[in-house]
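Participant: One structure, as structure tokens, below. Some questions next.
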Amino acid sequence: MLNRAIVLLAALLLAACSDGNNHPAVVGPAPAPLEESVTLSAGPIQGQASTRADTWEWLGLPYAAAPVGELRWKAPRDVAPWTETLSVQALPPECPQFDFFGAYVGEEDCLYLNVWRPRSQQRELPVMVWIHGGGNNSGATNWPVFNGARLAAAANIVVVTVQYRLGPLGWLYYGPLQDGDSNDNSGNFGTLDLIAALRWVQDNIADFGGDPYAVTVAGESAGGADILSLMVSQQASGLFQKAIVQSAGGRVTTTADAASAAVRLVDELRALEGVTEQPMTDPELAAYLRGKSAREIISNNPGTPAIFGDGHVIPAAGFDLFASGDFPAKVPLLIGTNRDEFKLYTNPAGYNVMPDASEELRAAAGRYVSDLWRVTAADSIATRLRALDDYPDIYVYRFNWGSPNADGNSPLPGNFGATGGAHHGAEMPFMFGNWDTFLLDAYKDLLFTEDNAASREAMSGVMVDYWGSFIRQGNPNGGSQPPWTPWSNAAAGFKAIVLDVNYDDNQPLIGEDYSAWTVESVLAEVQANVVEPLLSELMPYLDAWLED
């Protein structure tokens, strides 16, 4: 009887030390009330109330030391602690880059993040860490579309947005810079920045009322590819529990290709000075490159890639591991693409990568490259992961808002439905709850009108509901939206939901998609629908997408 009593007492003690959510026991005095002032392990900070929603915000929080001087092309180092209260009430400067309009902007001291949370005393809130896109060459957290106040308030979560080094300052695999440290030598400095930010979240987010054991990484375009790379990285293992990947674009490059690109960068710089033929030792080459300004390096970048399979931070096999299952982060996944991804690039008002193309070629590329984007960024990933016995549920979406319906009608004004539609990045204002904010302010009044305001608000409500539910529980269901069934590899199984709004009454229109597209099925559609000479003009664009 005594032994049974001891066992029972031990069980009761263990139960008392658990909160029911597999969290470690917290023993000690009650935490201080949540407010704008927070004391982190590095020092005290002062945030503010948001003007956009009923949240607090802390903007421009350093999560790593400034990567300048000797720390350029080094793995991120810890930020130095401070004693005076640090005001964190302004968004940080972007990392060095050329923006959408071709202007050089940014500062190398750019490793900052931002935090939003509801103005309440609720603790252990789920956390979303957002990784912006931009080809890993551009982008920042200071875009209005990434303001996390509304999403934090509506979904009752903590929102964190992160900056990371870009272009050849963020990813450079160059022998003369390598000195024996495995992280420094990896060249994946931007990836290591993201890992450092996630570790910061683990160490500090509880001070903001967030749950470090309920972290969702979310990102778009290159940010989505960065998340896929974090899923295969052992260094990121355990730092997040769920993932959202939107319109992913990017791949894992070999170190041989990355090294060749780095040599071309240095050759470009030396050619400008007429010293290409002058012999230089490795230490001299390293000193030469470190002596260049960020602007010189970025301005003369011949196209250095991002994300290398260095074998230390990122496995050499890269995303091929999704087929074998030999990767650490098998986490619930929400993934998808937009119907007209590539039209951001074919539209003259967008990136206009086809300035001399006919309207027919623009339209064909806009459609079929977008179709391939769906394959490479959603369907093929879902198919491979779903084939693994130990992978949890995968939820796939197609975002169609703005794309013309069967009658040719679109909520976008003029002919933008046909030429832009549900273009790359179009979903982000809606999932952040910022339905009144376009990607770029210069285009907001042109595309977001009074006529489509109700449509935008309805679409945003749907996405915030689904995304918020997934962030909270790893499942987008449970809110007020129609059921969202996980992806099935069965031939007639459910694949994806379609996110749209009825053109007639602006009410949400949630469709069901039972088709999984492949490269072969898209190319078959091309062969069946595109005739010569347009077919021969189109194929290089399709081949280029598949090569990238």
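Labels for the structure tokens follow display order: chains A, B, ..., residues from 1 in each chain, ligands from 1.
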Among segment 125-332 of chain A, which residues carry a DSSP assignment of strand (DSSP E), reported as a list in words?
Facilitator: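 Written out, the strand (DSSP E) residues of segment 125-332 of chain A are Leu125, Pro126, Val127, Met128, Val129, Trp130, Ile131, Val158, Val159, Val160, Thr161, Val162, Gly210, Asp211, Pro212, Tyr213, Ala214, Val215, Thr216, Val217, Ala218, Gly219, Glu220, Lys242, Ala243, Ile244, Val245 and Gln246 of chain A.
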Participant: I want to know what sits within 8 Å of segment 381-383 of chain A, based on only C-alpha atoms, with residues of the same chain fewer than 2 positions away left out; could you give that as an MDAnalysis selection string?
Facilitator: chainID A and resid 322 376:379 385:387 394 396 487 489
Participant: Emit the selected residues as a PDB file, in the first residue's frame, including N, CA and C atoms.
Facilitator:
```pdb
ATOM      1  N   PHE A 322      13.092  15.632 -49.816  1.00  0.00           N
ATOM      2  CA  PHE A 322      11.644  15.499 -49.644  1.00  0.00           C
ATOM      3  C   PHE A 322      11.131  14.173 -50.207  1.00  0.00           C
ATOM      4  N   THR A 376       5.836  23.268 -59.399  1.00  0.00           N
ATOM      5  CA  THR A 376       7.106  23.215 -58.667  1.00  0.00           C
ATOM      6  C   THR A 376       6.987  23.734 -57.244  1.00  0.00           C
ATOM      7  N   ALA A 377       6.042  24.649 -56.991  1.00  0.00           N
ATOM      8  CA  ALA A 377       5.955  25.274 -55.667  1.00  0.00           C
ATOM      9  C   ALA A 377       4.859  24.698 -54.789  1.00  0.00           C
ATOM     10  N   ALA A 378       4.045  23.799 -55.311  1.00  0.00           N
ATOM     11  CA  ALA A 378       2.959  23.253 -54.495  1.00  0.00           C
ATOM     12  C   ALA A 378       2.716  21.780 -54.790  1.00  0.00           C
ATOM     13  N   ASP A 379       2.223  21.464 -55.986  1.00  0.00           N
ATOM     14  CA  ASP A 379       1.752  20.104 -56.249  1.00  0.00           C
ATOM     15  C   ASP A 379       2.848  19.044 -56.131  1.00  0.00           C
ATOM     16  N   LEU A 385       5.839  14.780 -50.286  1.00  0.00           N
ATOM     17  CA  LEU A 385       5.743  14.691 -48.829  1.00  0.00           C
ATOM     18  C   LEU A 385       4.605  13.771 -48.395  1.00  0.00           C
ATOM     19  N   ARG A 386       3.494  13.809 -49.132  1.00  0.00           N
ATOM     20  CA  ARG A 386       2.360  12.973 -48.769  1.00  0.00           C
ATOM     21  C   ARG A 386       2.687  11.492 -48.935  1.00  0.00           C
ATOM     22  N   ALA A 387       3.675  11.181 -49.783  1.00  0.00           N
ATOM     23  CA  ALA A 387       4.070   9.787 -49.986  1.00  0.00           C
ATOM     24  C   ALA A 387       4.865   9.231 -48.811  1.00  0.00           C
ATOM     25  N   ILE A 394      -1.002  17.879 -44.942  1.00  0.00           N
ATOM     26  CA  ILE A 394      -0.582  18.968 -45.825  1.00  0.00           C
ATOM     27  C   ILE A 394      -1.842  19.607 -46.393  1.00  0.00           C
ATOM     28  N   VAL A 396      -3.287  22.414 -49.078  1.00  0.00           N
ATOM     29  CA  VAL A 396      -2.870  23.128 -50.284  1.00  0.00           C
ATOM     30  C   VAL A 396      -3.989  24.074 -50.718  1.00  0.00           C
ATOM     31  N   TRP A 487      -4.453  17.340 -48.407  1.00  0.00           N
ATOM     32  CA  TRP A 487      -4.054  16.779 -49.702  1.00  0.00           C
ATOM     33  C   TRP A 487      -4.017  15.262 -49.629  1.00  0.00           C
ATOM     34  N   ASN A 489      -2.894  11.814 -52.087  1.00  0.00           N
ATOM     35  CA  ASN A 489      -2.254  11.342 -53.319  1.00  0.00           C
ATOM     36  C   ASN A 489      -3.118  10.360 -54.101  1.00  0.00           C
TER      37      ASN A 489
END
```
Participant: Return as number ranges by chain the full set of residues in segment 148-306 of chain A whose backbone-based DSSP assignment is alpha helix (DSSP H).
Facilitator: A: 149-155, 167-170, 182-186, 189-204, 222-232, 255-273, 282-290, 294-299
Participant: My list of candidates is A:Ser403, A:Ser260, A:Ser186, A:Gln246. Which is closest to Gly309 of chain A when distances are computed with only C-alpha atoms?
Facilitator: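 Looking at the shortest contact to Gly309 of chain A, the residue is A:Ser186.
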Participant: Report, in Å with one decimal, the straight-line distance from atom CA of Asp543 of chain A to atom CA of Leu321 of chain A.
Facilitator: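 Atom-to-atom, atom CA of Asp543 of chain A and atom CA of Leu321 of chain A are spaced 23.5 Å apart.
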Participant: For each of A:Val245, A:Asn147, A:Asn156, A:Ala196, take the minimum atom-to-atom distance to Pro62 of chain A, counting only C-alpha atoms, then give the residue where this is smallest.
Facilitator: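 Closest to Pro62 of chain A, using only C-alpha atoms: A:Ala196.
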Participant: Restricting the calculation to only C-alpha atoms: of A:Asp407, A:Gly102, A:Phe432, A:Tyr397, which residue gets closest to Gly511 of chain A?
Facilitator: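 Answer, going by the shortest atom-to-atom distance: A:Tyr397.
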Participant: Rank A:Ala206, A:Met354, A:Leu285, A:Leu172 by their smallest atom-to-atom distance to Pro31 of chain A, using only C-alpha atoms, and report the top residue only.
Facilitator: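 Closest to Pro31 of chain A of all the choices is A:Ala206.
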Participant: Applying 10 Å and only C-alpha atoms, which residues near segment 463-477 of chain A remain after dropping the ones on its own chain fewer than 4 positions away? List them as a PDB file with C-alpha atoms, in the first residue's frame.
Facilitator:
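result-v4.pdb, freshly written:
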```pdb
ATOM      1  CA  LEU A 125      -0.045  32.644 -27.620  1.00  0.00           C
ATOM      2  CA  PRO A 126       0.952  30.855 -30.855  1.00  0.00           C
ATOM      3  CA  VAL A 127       3.666  32.606 -32.845  1.00  0.00           C
ATOM      4  CA  MET A 128       4.044  33.244 -36.578  1.00  0.00           C
ATOM      5  CA  ARG A 150      -4.320  43.206 -37.753  1.00  0.00           C
ATOM      6  CA  LEU A 151      -3.311  39.563 -38.123  1.00  0.00           C
ATOM      7  CA  ALA A 152      -2.109  39.437 -34.513  1.00  0.00           C
ATOM      8  CA  ALA A 154      -7.763  38.975 -35.443  1.00  0.00           C
ATOM      9  CA  ALA A 155      -6.053  35.590 -35.040  1.00  0.00           C
ATOM     10  CA  ASN A 156      -5.011  36.147 -31.403  1.00  0.00           C
ATOM     11  CA  ILE A 157      -1.370  35.311 -32.084  1.00  0.00           C
ATOM     12  CA  VAL A 158       2.071  36.875 -31.867  1.00  0.00           C
ATOM     13  CA  ALA A 214       4.080  26.773 -30.915  1.00  0.00           C
ATOM     14  CA  VAL A 215       6.048  28.559 -33.653  1.00  0.00           C
ATOM     15  CA  THR A 216       4.946  28.640 -37.290  1.00  0.00           C
ATOM     16  CA  VAL A 217       7.395  29.814 -39.937  1.00  0.00           C
ATOM     17  CA  ALA A 218       5.628  31.478 -42.858  1.00  0.00           C
ATOM     18  CA  GLN A 241       6.468  23.313 -35.255  1.00  0.00           C
ATOM     19  CA  LYS A 242       4.458  24.294 -38.361  1.00  0.00           C
ATOM     20  CA  ALA A 243       5.174  25.834 -41.762  1.00  0.00           C
ATOM     21  CA  ILE A 244       3.323  28.002 -44.292  1.00  0.00           C
ATOM     22  CA  VAL A 331       5.763  19.484 -39.604  1.00  0.00           C
ATOM     23  CA  PRO A 332       2.169  20.294 -40.600  1.00  0.00           C
ATOM     24  CA  LEU A 333       2.337  22.269 -43.828  1.00  0.00           C
ATOM     25  CA  LEU A 334       0.065  24.826 -45.495  1.00  0.00           C
ATOM     26  CA  PRO A 392       1.606  14.959 -41.048  1.00  0.00           C
ATOM     27  CA  ASP A 393      -1.249  16.602 -42.913  1.00  0.00           C
ATOM     28  CA  ILE A 394      -0.582  18.968 -45.825  1.00  0.00           C
ATOM     29  CA  TYR A 395      -3.104  21.665 -46.777  1.00  0.00           C
ATOM     30  CA  PHE A 399      -5.447  31.793 -54.671  1.00  0.00           C
ATOM     31  CA  GLU A 427      -2.336  37.079 -51.640  1.00  0.00           C
ATOM     32  CA  MET A 428      -0.160  38.760 -49.016  1.00  0.00           C
ATOM     33  CA  PRO A 429      -2.306  41.823 -48.218  1.00  0.00           C
ATOM     34  CA  PHE A 430      -5.248  39.508 -47.629  1.00  0.00           C
ATOM     35  CA  MET A 431      -3.558  36.969 -45.346  1.00  0.00           C
ATOM     36  CA  PHE A 432      -2.069  39.776 -43.226  1.00  0.00           C
ATOM     37  CA  GLY A 433      -5.502  41.385 -42.879  1.00  0.00           C
ATOM     38  CA  ASN A 434      -4.190  44.432 -44.739  1.00  0.00           C
ATOM     39  CA  ALA A 458     -14.282  39.349 -47.717  1.00  0.00           C
ATOM     40  CA  MET A 459     -11.236  37.572 -49.161  1.00  0.00           C
ATOM     41  CA  GLN A 481     -14.995  28.822 -43.104  1.00  0.00           C
ATOM     42  CA  PRO A 482     -15.928  25.723 -45.130  1.00  0.00           C
ATOM     43  CA  PRO A 483     -13.957  22.565 -44.266  1.00  0.00           C
ATOM     44  CA  TRP A 484     -10.477  22.309 -45.757  1.00  0.00           C
ATOM     45  CA  THR A 485      -9.502  18.703 -46.435  1.00  0.00           C
ATOM     46  CA  PRO A 486      -5.806  17.697 -46.463  1.00  0.00           C
ATOM     47  CA  LEU A 499      -9.806  30.897 -52.643  1.00  0.00           C
TER      48      LEU A 499
END
```
